[in-house]
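Below is upload-v4.txt, holding compact mmCIF, C-alpha atoms.
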# COMPACT_ATOMS: atom_id res chain seq x y z
CA MET A 391 99.00 57.97 127.78
CA TYR A 392 96.00 58.48 125.47
CA LYS A 393 96.86 59.97 122.11
CA ARG A 394 94.13 61.80 120.22
CA GLN A 395 93.44 60.14 116.86
CA LEU A 396 93.62 62.49 113.90
CA PRO A 397 90.89 62.43 111.23
CA ALA A 398 91.49 60.69 107.91
CA ILE A 399 92.35 62.66 104.79
CA PRO A 400 89.10 63.02 102.74
CA GLY A 401 88.71 61.16 99.44
CA THR A 402 88.31 64.37 97.43
CA ILE A 403 91.78 65.47 98.49
CA TRP A 404 93.21 62.10 97.41
CA THR A 405 91.48 62.51 94.04
CA LEU A 406 92.85 66.02 93.63
CA GLY A 407 96.24 64.59 94.47
CA TYR A 408 95.97 62.06 91.64
CA VAL A 409 94.72 64.78 89.29
CA SER A 410 97.80 66.82 90.11
CA LEU A 411 99.99 63.73 89.68
CA PHE A 412 98.79 62.98 86.14
CA MET A 413 98.75 66.59 84.98
CA ASP A 414 102.23 67.20 86.32
CA LEU A 415 103.41 63.99 84.67
CA SER A 416 102.16 65.43 81.39
CA SER A 417 103.40 68.97 81.98
CA GLU A 418 106.85 68.04 83.25
CA LEU A 419 107.40 65.63 80.36
CA VAL A 420 106.99 68.74 78.20
CA HIS A 421 108.84 71.20 80.42
CA SER A 422 111.84 68.92 80.96
CA ILE A 423 112.83 69.23 77.29
CA LEU A 424 111.07 72.44 76.19
CA PRO A 425 113.91 74.92 77.01
CA VAL A 426 116.45 72.86 75.03
CA PHE A 427 113.85 72.39 72.26
CA MET A 428 113.46 76.18 72.03
CA VAL A 429 117.23 76.77 72.00
CA THR A 430 118.40 73.97 69.69
CA VAL A 431 115.42 73.60 67.34
CA LEU A 432 113.75 77.04 67.36
CA GLY A 433 116.83 79.23 68.00
CA ALA A 434 115.65 81.07 71.14
CA ASP A 435 118.06 82.86 73.53
CA ALA A 436 117.95 82.97 77.34
CA LEU A 437 116.12 86.32 77.52
CA THR A 438 113.42 85.02 75.15
CA ILE A 439 112.98 81.92 77.30
CA GLY A 440 112.83 84.09 80.41
CA LEU A 441 110.15 86.27 78.83
CA ILE A 442 108.07 83.30 77.65
CA GLU A 443 108.30 81.51 81.00
CA GLY A 444 107.81 84.70 83.00
CA ILE A 445 104.76 85.85 81.05
CA ALA A 446 103.28 82.34 81.08
CA GLU A 447 103.67 81.88 84.83
CA ALA A 448 102.54 85.43 85.59
CA THR A 449 99.45 84.87 83.44
CA ALA A 450 98.59 81.76 85.44
CA LEU A 451 98.92 83.58 88.73
CA ILE A 452 97.04 86.70 87.59
CA VAL A 453 94.12 84.63 86.26
CA LYS A 454 93.91 82.99 89.68
CA ILE A 455 92.72 86.22 91.27
CA PHE A 456 89.49 86.12 89.26
CA SER A 457 88.99 82.35 89.36
CA GLY A 458 89.27 82.47 93.14
CA ALA A 459 86.74 85.28 93.41
CA LEU A 460 84.38 83.48 91.01
CA SER A 461 84.59 80.29 93.06
CA ASP A 462 83.60 82.31 96.15
CA PHE A 463 80.73 83.97 94.26
CA PHE A 464 79.25 80.72 92.96
CA SER A 465 80.23 78.81 96.12
CA ARG A 466 81.21 76.00 93.75
CA ARG A 467 84.79 75.00 92.94
CA LYS A 468 84.58 71.82 90.85
CA TRP A 469 83.56 73.24 87.47
CA LEU A 470 86.23 75.93 87.49
CA ILE A 471 88.76 73.23 88.37
CA LEU A 472 87.50 71.09 85.49
CA ALA A 473 87.62 74.00 83.03
CA GLY A 474 91.19 74.82 84.03
CA TYR A 475 92.53 71.29 83.72
CA GLY A 476 90.53 70.82 80.50
CA LEU A 477 92.13 73.85 78.82
CA ALA A 478 95.59 72.66 79.86
CA ALA A 479 94.89 69.22 78.38
CA LEU A 480 93.77 70.76 75.08
CA THR A 481 97.05 72.70 74.70
CA LYS A 482 99.33 69.67 74.94
CA PRO A 483 99.22 68.82 71.17
CA LEU A 484 100.40 72.36 70.32
CA PHE A 485 103.92 71.71 71.61
CA PRO A 486 104.88 68.93 69.18
CA LEU A 487 103.17 70.86 66.37
CA ALA A 488 105.20 74.03 67.09
CA GLY A 489 107.42 75.30 64.29
CA SER A 490 108.29 78.63 65.87
CA VAL A 491 108.88 80.31 69.22
CA GLU A 492 105.57 82.15 68.76
CA THR A 493 103.64 78.85 68.69
CA VAL A 494 105.37 77.67 71.85
CA PHE A 495 104.51 80.99 73.49
CA ALA A 496 100.85 80.62 72.49
CA ALA A 497 100.75 77.06 73.87
CA ARG A 498 102.40 78.08 77.14
CA PHE A 499 100.11 81.10 77.44
CA LEU A 500 96.92 79.06 77.02
CA ASP A 501 98.24 76.27 79.24
CA ARG A 502 98.94 78.74 82.03
CA ILE A 503 95.50 80.33 81.67
CA GLY A 504 94.18 76.85 82.40
CA LYS A 505 96.45 76.59 85.41
CA GLY A 506 95.26 79.98 86.62
CA MET A 507 91.63 78.94 86.31
CA ARG A 508 92.07 75.82 88.44
CA GLY A 509 94.68 76.76 91.05
CA ALA A 510 92.80 79.04 93.46
CA PRO A 511 89.49 77.06 93.37
CA ARG A 512 91.41 73.83 93.93
CA ASP A 513 93.31 75.22 96.93
CA ALA A 514 90.07 76.71 98.28
CA LEU A 515 88.29 73.35 97.87
CA ILE A 516 91.08 71.63 99.81
CA ALA A 517 90.66 74.23 102.55
CA ASP A 518 86.88 73.65 102.48
CA VAL A 519 87.03 69.87 102.97
CA ALA A 520 90.23 69.43 105.00
CA PRO A 521 89.75 68.89 108.76
CA LEU A 522 91.36 71.82 110.54
CA THR A 523 93.74 69.67 112.60
CA ILE A 524 95.32 68.12 109.49
CA ARG A 525 94.99 71.00 107.01
CA GLY A 526 98.76 71.29 106.57
CA ALA A 527 99.02 67.56 105.90
CA CYS A 528 96.23 67.79 103.28
CA PHE A 529 97.98 70.59 101.40
CA GLY A 530 101.27 68.74 101.74
CA LEU A 531 99.77 65.50 100.40
CA ARG A 532 98.44 67.13 97.25
CA GLN A 533 101.72 68.95 96.72
CA SER A 534 103.69 65.75 97.24
CA MET A 535 101.56 63.79 94.76
CA ASP A 536 101.93 66.66 92.31
CA THR A 537 105.68 66.27 92.48
CA VAL A 538 105.50 62.48 92.16
CA GLY A 539 104.03 63.15 88.73
CA ALA A 540 106.80 65.66 88.16
CA VAL A 541 109.34 62.88 88.80
CA PHE A 542 107.78 60.36 86.46
CA GLY A 543 107.19 62.86 83.63
CA PRO A 544 110.90 63.56 83.01
CA LEU A 545 111.72 59.87 83.60
CA PHE A 546 109.37 58.94 80.77
CA ALA A 547 110.97 61.67 78.68
CA ILE A 548 114.41 60.08 79.18
CA VAL A 549 113.13 56.65 78.15
CA LEU A 550 111.27 58.05 75.15
CA LEU A 551 114.18 60.24 74.00
CA SER A 552 116.44 57.21 74.15
CA PHE A 553 113.95 55.06 72.22
CA TYR A 554 113.27 57.73 69.59
CA HIS A 555 116.94 58.79 69.32
CA GLY A 556 116.46 62.34 70.61
CA ASP A 557 113.39 63.17 68.50
CA MET A 558 111.85 65.74 70.83
CA LYS A 559 108.74 66.40 68.73
CA THR A 560 107.71 62.73 68.83
CA VAL A 561 108.29 62.56 72.59
CA LEU A 562 106.13 65.63 73.19
CA TRP A 563 103.07 63.79 71.76
CA PHE A 564 103.14 61.37 74.72
CA ALA A 565 102.10 64.21 77.07
CA VAL A 566 98.55 64.11 75.69
CA VAL A 567 97.42 60.85 77.38
CA PRO A 568 97.99 61.61 81.10
CA ALA A 569 96.46 65.07 80.60
CA ALA A 570 93.26 63.41 79.34
CA ILE A 571 93.16 61.10 82.40
CA THR A 572 92.91 64.12 84.71
CA ILE A 573 89.57 65.10 83.16
CA ILE A 574 88.06 61.68 83.92
CA LEU A 575 89.28 61.84 87.52
CA ILE A 576 87.74 65.27 88.12
CA VAL A 577 84.37 64.41 86.59
CA PHE A 578 83.90 61.18 88.55
CA GLY A 579 86.06 61.56 91.67
CA VAL A 580 85.85 65.13 92.99
CA LYS A 581 83.07 65.91 95.48
CA GLU A 582 82.52 69.25 97.17
CA PRO A 583 80.47 70.41 100.18
CA ALA A 584 77.00 71.81 99.75
CA ALA A 585 77.05 75.37 98.47
CA LYS A 586 76.72 78.15 101.02
CA ALA A 587 74.63 81.27 100.49
CA ARG A 588 76.46 83.37 97.92
CA PRO A 589 76.83 87.16 97.74
CA ARG A 590 74.23 89.07 95.74
CA GLN A 591 76.72 90.15 93.11
CA PHE A 592 80.24 89.39 91.98
CA ARG A 593 82.74 91.27 94.13
CA SER A 594 85.88 92.29 92.27
CA PRO A 595 88.89 91.33 94.38
CA LEU A 596 90.68 94.49 93.21
CA ARG A 597 88.27 96.91 94.92
CA LEU A 598 89.98 98.88 97.68
CA VAL A 599 87.13 98.44 100.16
CA PHE A 600 87.10 94.71 99.51
CA LEU A 601 90.88 94.41 99.95
CA LYS A 602 90.55 95.92 103.44
CA ALA A 603 88.48 92.92 104.50
CA PHE A 604 91.65 90.86 104.87
CA SER A 605 93.70 90.91 108.06
CA ARG A 606 97.20 92.27 108.55
CA ALA A 607 98.38 88.71 109.01
CA TYR A 608 97.15 87.86 105.50
CA TRP A 609 98.87 90.85 103.89
CA ARG A 610 102.09 90.08 105.74
CA ILE A 611 102.05 86.62 104.15
CA VAL A 612 101.41 88.18 100.73
CA ILE A 613 104.43 90.50 101.09
CA ILE A 614 106.70 87.68 102.23
CA GLY A 615 105.45 85.47 99.40
CA ALA A 616 106.07 88.21 96.82
CA VAL A 617 109.68 88.80 97.83
CA PHE A 618 110.21 85.06 98.09
CA THR A 619 108.93 84.63 94.52
CA LEU A 620 111.51 87.16 93.31
CA THR A 621 114.18 84.65 94.34
CA ARG A 622 112.62 81.84 92.27
CA PHE A 623 113.03 82.33 88.54
CA SER A 624 111.90 79.64 86.11
CA GLU A 625 113.31 76.11 86.44
CA ALA A 626 114.06 76.37 82.70
CA PHE A 627 117.36 77.97 83.73
CA LEU A 628 118.32 74.84 85.67
CA ILE A 629 117.91 72.83 82.46
CA LEU A 630 119.91 75.37 80.45
CA ARG A 631 122.70 75.27 83.05
CA ALA A 632 122.99 71.48 82.70
CA GLU A 633 122.95 71.73 78.90
CA GLU A 634 125.63 74.44 79.08
CA LEU A 635 127.93 72.04 80.94
CA GLY A 636 127.47 69.27 78.38
CA LEU A 637 124.55 67.08 79.51
CA SER A 638 123.19 65.33 76.39
CA ILE A 639 119.66 65.92 75.10
CA THR A 640 118.61 62.37 76.04
CA TRP A 641 119.58 62.95 79.68
CA ILE A 642 118.45 66.59 80.01
CA PRO A 643 115.16 65.56 81.73
CA LEU A 644 117.28 64.12 84.56
CA VAL A 645 117.50 67.68 85.90
CA MET A 646 113.74 67.77 86.52
CA VAL A 647 113.76 64.20 87.85
CA VAL A 648 116.25 65.13 90.56
CA MET A 649 114.50 68.39 91.43
CA SER A 650 111.05 66.83 91.58
CA LEU A 651 112.24 63.77 93.51
CA PHE A 652 113.70 65.87 96.31
CA TYR A 653 110.61 68.09 96.19
CA ALA A 654 108.29 65.09 96.51
CA LEU A 655 110.29 63.55 99.36
CA SER A 656 110.15 66.75 101.41
CA ALA A 657 106.72 68.27 100.62
CA TYR A 658 104.49 65.95 102.66
CA PRO A 659 106.78 65.74 105.75
CA ALA A 660 107.08 69.54 105.67
CA GLY A 661 103.28 69.83 105.47
CA VAL A 662 102.83 67.53 108.48
CA LEU A 663 105.53 69.39 110.39
CA SER A 664 103.78 72.69 109.65
CA ASP A 665 100.83 71.53 111.79
CA HIS A 666 103.14 71.35 114.83
CA VAL A 667 105.77 74.09 114.48
CA ARG A 668 105.74 77.73 113.42
CA LYS A 669 105.59 77.97 109.66
CA GLU A 670 108.09 80.84 109.54
CA TYR A 671 110.78 78.36 110.63
CA LEU A 672 110.06 76.14 107.63
CA LEU A 673 110.08 79.09 105.22
CA ALA A 674 113.42 80.25 106.65
CA THR A 675 114.83 76.75 106.14
CA GLY A 676 113.59 76.81 102.54
CA LEU A 677 115.24 80.17 101.86
CA VAL A 678 118.57 78.95 103.23
CA LEU A 679 118.32 75.87 100.99
CA LEU A 680 117.53 78.07 97.97
CA ALA A 681 120.52 80.35 98.63
CA LEU A 682 122.79 77.29 98.86
CA ALA A 683 121.30 75.89 95.64
CA ASP A 684 122.01 79.14 93.79
CA LEU A 685 125.59 79.30 95.07
CA VAL A 686 126.28 75.69 94.02
CA LEU A 687 124.76 76.26 90.58
CA ALA A 688 126.70 79.50 90.10
CA ARG A 689 130.05 77.81 90.82
CA ALA A 690 129.31 74.41 89.24
CA ASN A 691 131.87 73.08 86.76
CA SER A 692 130.48 69.55 86.33
CA ILE A 693 127.18 67.79 85.77
CA LEU A 694 127.38 66.26 89.26
CA ALA A 695 127.69 69.72 90.83
CA VAL A 696 124.68 70.94 88.84
CA LEU A 697 122.60 67.98 90.03
CA CYS A 698 123.61 68.70 93.65
CA GLY A 699 122.41 72.29 93.22
CA VAL A 700 119.19 71.04 91.62
CA ALA A 701 118.61 68.67 94.57
CA LEU A 702 118.91 71.59 97.00
CA TRP A 703 116.48 73.56 94.81
CA GLY A 704 113.96 70.71 95.07
CA LEU A 705 114.32 70.56 98.85
CA HIS A 706 113.66 74.28 99.18
CA MET A 707 110.41 73.86 97.21
CA GLY A 708 109.25 71.09 99.52
CA PHE A 709 109.81 73.32 102.54
CA THR A 710 107.98 76.33 101.12
CA GLN A 711 105.23 75.70 98.56
CA GLY A 712 102.57 73.92 100.62
CA ILE A 713 103.52 76.00 103.65
CA LEU A 714 102.55 79.29 102.05
CA ALA A 715 99.19 77.83 100.97
CA THR A 716 98.53 76.63 104.52
CA MET A 717 99.36 80.06 105.95
CA ILE A 718 96.93 81.74 103.53
CA ALA A 719 94.19 79.23 104.44
CA ASN A 720 94.68 79.82 108.17
CA ALA A 721 94.59 83.62 107.81
CA THR A 722 91.26 83.91 105.94
CA PRO A 723 87.59 83.02 106.53
CA ARG A 724 86.00 80.25 104.48
CA GLU A 725 83.77 82.51 102.37
CA LEU A 726 86.81 84.46 101.11
CA LYS A 727 89.39 81.70 100.69
CA GLY A 728 89.13 81.54 96.90
CA THR A 729 89.63 85.30 96.63
CA ALA A 730 92.46 85.18 99.17
CA PHE A 731 94.37 82.58 97.16
CA GLY A 732 93.67 84.53 93.99
CA LEU A 733 95.05 87.80 95.38
CA PHE A 734 98.12 86.05 96.71
CA ASN A 735 98.83 84.46 93.34
CA PHE A 736 98.20 87.75 91.49
CA VAL A 737 100.92 89.53 93.47
CA THR A 738 103.40 86.67 93.27
CA GLY A 739 102.69 86.35 89.53
CA LEU A 740 103.98 89.86 88.89
CA PHE A 741 107.15 89.06 90.82
CA MET A 742 107.54 85.75 88.96
CA LEU A 743 107.59 87.64 85.64
CA LEU A 744 110.15 90.10 86.97
CA ALA A 745 112.35 87.30 88.33
CA SER A 746 112.47 85.36 85.05
CA VAL A 747 113.13 88.46 82.93
CA ILE A 748 115.99 89.50 85.23
CA ALA A 749 117.41 85.97 85.11
CA GLY A 750 117.32 85.84 81.30
CA TRP A 751 118.85 89.31 80.94
CA LEU A 752 121.68 88.50 83.35
CA TRP A 753 122.33 85.18 81.57
CA ASP A 754 122.66 86.78 78.13
CA ASN A 755 124.74 89.77 79.30
CA TYR A 756 126.85 88.49 82.20
CA GLY A 757 126.71 84.70 82.02
CA SER A 758 124.84 81.94 83.82
CA GLY A 759 126.85 82.31 87.02
CA MET A 760 125.60 85.85 87.59
CA THR A 761 121.99 84.70 87.20
CA PHE A 762 122.35 82.28 90.12
CA LEU A 763 124.41 84.68 92.25
CA ALA A 764 121.59 87.23 91.91
CA GLY A 765 119.14 84.52 92.99
CA ALA A 766 121.23 83.88 96.11
CA ALA A 767 121.26 87.60 96.92
CA PHE A 768 117.47 87.84 96.62
CA SER A 769 117.15 84.77 98.86
CA VAL A 770 119.15 86.50 101.59
CA LEU A 771 116.96 89.59 101.22
CA ALA A 772 113.79 87.50 101.59
CA LEU A 773 115.25 85.73 104.63
CA MET A 774 116.00 89.08 106.30
CA LEU A 775 112.43 90.21 105.62
CA LEU A 776 111.08 87.03 107.19
CA ILE A 777 113.29 87.42 110.27
CA PHE A 778 112.45 91.08 110.92
CA HIS A 779 108.75 90.85 110.12
CA LYS A 780 107.76 87.56 111.66
CA SER A 781 105.20 87.62 114.45
CA PRO A 782 103.33 84.97 116.42
CA GLU A 783 100.76 83.19 114.27
CA GLN A 784 97.20 84.17 115.06
CA ALA A 785 95.05 81.69 116.87
CA THR A 786 92.86 79.93 114.34
CA ALA A 787 89.25 81.10 114.42
CA GLN A 788 86.31 78.76 114.30
CA ASP A 789 85.83 77.61 110.71
CA PRO A 790 82.46 75.93 110.13
CA GLY A 791 83.63 74.72 106.74
CA THR A 792 86.22 72.39 108.19
What does the file become when written as structure tokens?
Amino acid sequence: MYKRQLPAIPGTIWTLGYVSLFMDLSSELVHSILPVFMVTVLGADALTIGLIEGIAEATALIVKIFSGALSDFFSRRKWLILAGYGLAALTKPLFPLAGSVETVFAARFLDRIGKGMRGAPRDALIADVAPLTIRGACFGLRQSMDTVGAVFGPLFAIVLLSFYHGDMKTVLWFAVVPAAITIILIVFGVKEPAAKARPRQFRSPLRLVFLKAFSRAYWRIVIIGAVFTLTRFSEAFLILRAEELGLSITWIPLVMVVMSLFYALSAYPAGVLSDHVRKEYLLATGLVLLALADLVLARANSILAVLCGVALWGLHMGFTQGILATMIANATPRELKGTAFGLFNFVTGLFMLLASVIAGWLWDNYGSGMTFLAGAAFSVLALMLLIFHKSPEQATAQDPGT
């Protein structure tokens, strides 16, 4: 029987995958030791870490709403992507230079502004160049390569911490090099389609009339994504949980290695699967995995139990992150994709801040176990919302950009 041959993944998507790989290698080298660095060296508590991480991540997602709209206005994505990755690269030296929590906050804040600038245009560019029949695979590939970098970053941190006898400031300097490589890759490797006719003026994505341009299917995805984000507080709390149970500073990055490894192994297969089955099924699977992860982490009394919970956390990310992006891409026309991703990330950014603040407050006042039990409860709530609000996916309209 003849089997239709699928198109190849475009070179620009491969390049964006490598860009994500190197930047995540740099970022996760930092993030795998930063929570312990703030607690043991700078004297921060869990609520402070929750506030820093929550504000930083919310900033990234809120900035995305305007970067997405700008990329639609100019009909060009590359230079916003370059500016975002460039700002993130410039912030990397601030972490080893930090002598206070305020400096770390400033570095995280600027780094996340860079992430916000690049995220929506990058996802919109992938949607622009990805053949429609393999769009899920293209998003999954970039996400998977992103998490490959997230595996190697903490692995390097373990090696470097061992070599430098736990000197976290020295290790943080090594994050500068892979961040610089991403700039070279973007400049010479990213190509984008010819610009389409742009609107006469910049259209603010927050205007009520403009918001009505999106379909009910799009807003349903936004609502589901927002509640889902409430279940996912910062991964910094996974690191603090392992440190609480006695994992040494040298081996603390192992937490992020395990999470990112299971994320990387599941992201691309989940993306491919999303092209053939209803995406709600994959999101439901991810929510079940997240609830199990929270329950294991809440009851853990050994390092092995923590790592099992972290592995489940990584699997849930693989089954959900690229899937949501694919659903947004399929529910919006090409000329509004950047704005659509920006709006989605704006809403989820507000919920990300709320989730991390709640997690930090619960940790300081009721203990780490309550933080994860609350996460499990929110996961069940999100799963119920998905079950009762799911509806058949709309048939994909003709998209001349793919």
Pairwise distance for CA of Met646 in chain A and CA of Val737 in chain A, rounded to one decimal in Å: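 CA of Met646 in chain A sits 26.2 Å away from CA of Val737 in chain A.
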Skip Ile576 in chain A itself and residues of its chain fewer than 3 positions away, then list as a compact mmCIF listing (two decimals) with C-alpha atoms, in the coordinates of the input all residues within 8 Å of it, counting all atoms listed in the file.
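File written: around_20.txt
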# COMPACT_ATOMS: atom_id res chain seq x y z
CA THR A 405 91.48 62.51 94.04
CA LEU A 406 92.85 66.02 93.63
CA VAL A 409 94.72 64.78 89.29
CA LYS A 468 84.58 71.82 90.85
CA LEU A 472 87.50 71.09 85.49
CA THR A 572 92.91 64.12 84.71
CA ILE A 573 89.57 65.10 83.16
CA GLY A 579 86.06 61.56 91.67
CA VAL A 580 85.85 65.13 92.99
Closest of A:Ile403, A:Ala510, A:Leu437, A:Leu415 to Glu582 in chain A - atom-to-atom distances counting only C-alpha atoms: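 Of A:Ile403, A:Ala510, A:Leu437, A:Leu415, the one nearest Glu582 in chain A is A:Ile403, counting only C-alpha atoms.
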From A:Lys505, A:His706, A:Lys727, A:His555, residue lying nearest Ser650 in chain A [only C-alpha atoms]: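 When distances to Ser650 in chain A are compared using only C-alpha atoms, the smallest one comes from A:His706.
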Coordinates-based distance that separates CA of Ile571 in chain A from CA of Gly444 in chain A (Å, one decimal): 27.8 Å
Shell of 12 Å around Ser638 in chain A, only C-alpha atoms, local chain residues under 6 positions omitted, as a ChimeraX atom specification: /A:423,426,430,548,551-552,555-556,629-632,644-645,693
Selection: 10 Å around Met507 in chain A, all atoms listed in the file, excl. self and same-chain fewer than 6 positions, as a ChimeraX atom specification: /A:450-458,460-461,469-475,477-478,732
Take the residues that were just selected and, keeping C-alpha atoms, output them as a compact mmCIF listing (two decimals), in the coordinates of the input.
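Saved file again10.txt follows:
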# COMPACT_ATOMS: atom_id res chain seq x y z
CA ALA A 450 98.59 81.76 85.44
CA LEU A 451 98.92 83.58 88.73
CA ILE A 452 97.04 86.70 87.59
CA VAL A 453 94.12 84.63 86.26
CA LYS A 454 93.91 82.99 89.68
CA ILE A 455 92.72 86.22 91.27
CA PHE A 456 89.49 86.12 89.26
CA SER A 457 88.99 82.35 89.36
CA GLY A 458 89.27 82.47 93.14
CA LEU A 460 84.38 83.48 91.01
CA SER A 461 84.59 80.29 93.06
CA TRP A 469 83.56 73.24 87.47
CA LEU A 470 86.23 75.93 87.49
CA ILE A 471 88.76 73.23 88.37
CA LEU A 472 87.50 71.09 85.49
CA ALA A 473 87.62 74.00 83.03
CA GLY A 474 91.19 74.82 84.03
CA TYR A 475 92.53 71.29 83.72
CA LEU A 477 92.13 73.85 78.82
CA ALA A 478 95.59 72.66 79.86
CA GLY A 732 93.67 84.53 93.99
Selection: 12 Å around Pro544 in chain A, only C-alpha atoms, excl. self and same-chain fewer than 3 positions, as an MDAnalysis selection string: chainID A and resid 414:424 537:541 547:551 561:562 564:565 629 640:651
Polymer residues at most 7 Å from (95.9, 88.5, 110.0) by all atoms listed in the file, as a PyMOL selection string: chain A and resi 605-608+721+784
Put those residues in a file: C-alpha atoms, as a compact mmCIF listing (two decimals), in the coordinates of the input.
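Saved result, out05.txt, follows:
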# COMPACT_ATOMS: atom_id res chain seq x y z
CA SER A 605 93.70 90.91 108.06
CA ARG A 606 97.20 92.27 108.55
CA ALA A 607 98.38 88.71 109.01
CA TYR A 608 97.15 87.86 105.50
CA ALA A 721 94.59 83.62 107.81
CA GLN A 784 97.20 84.17 115.06
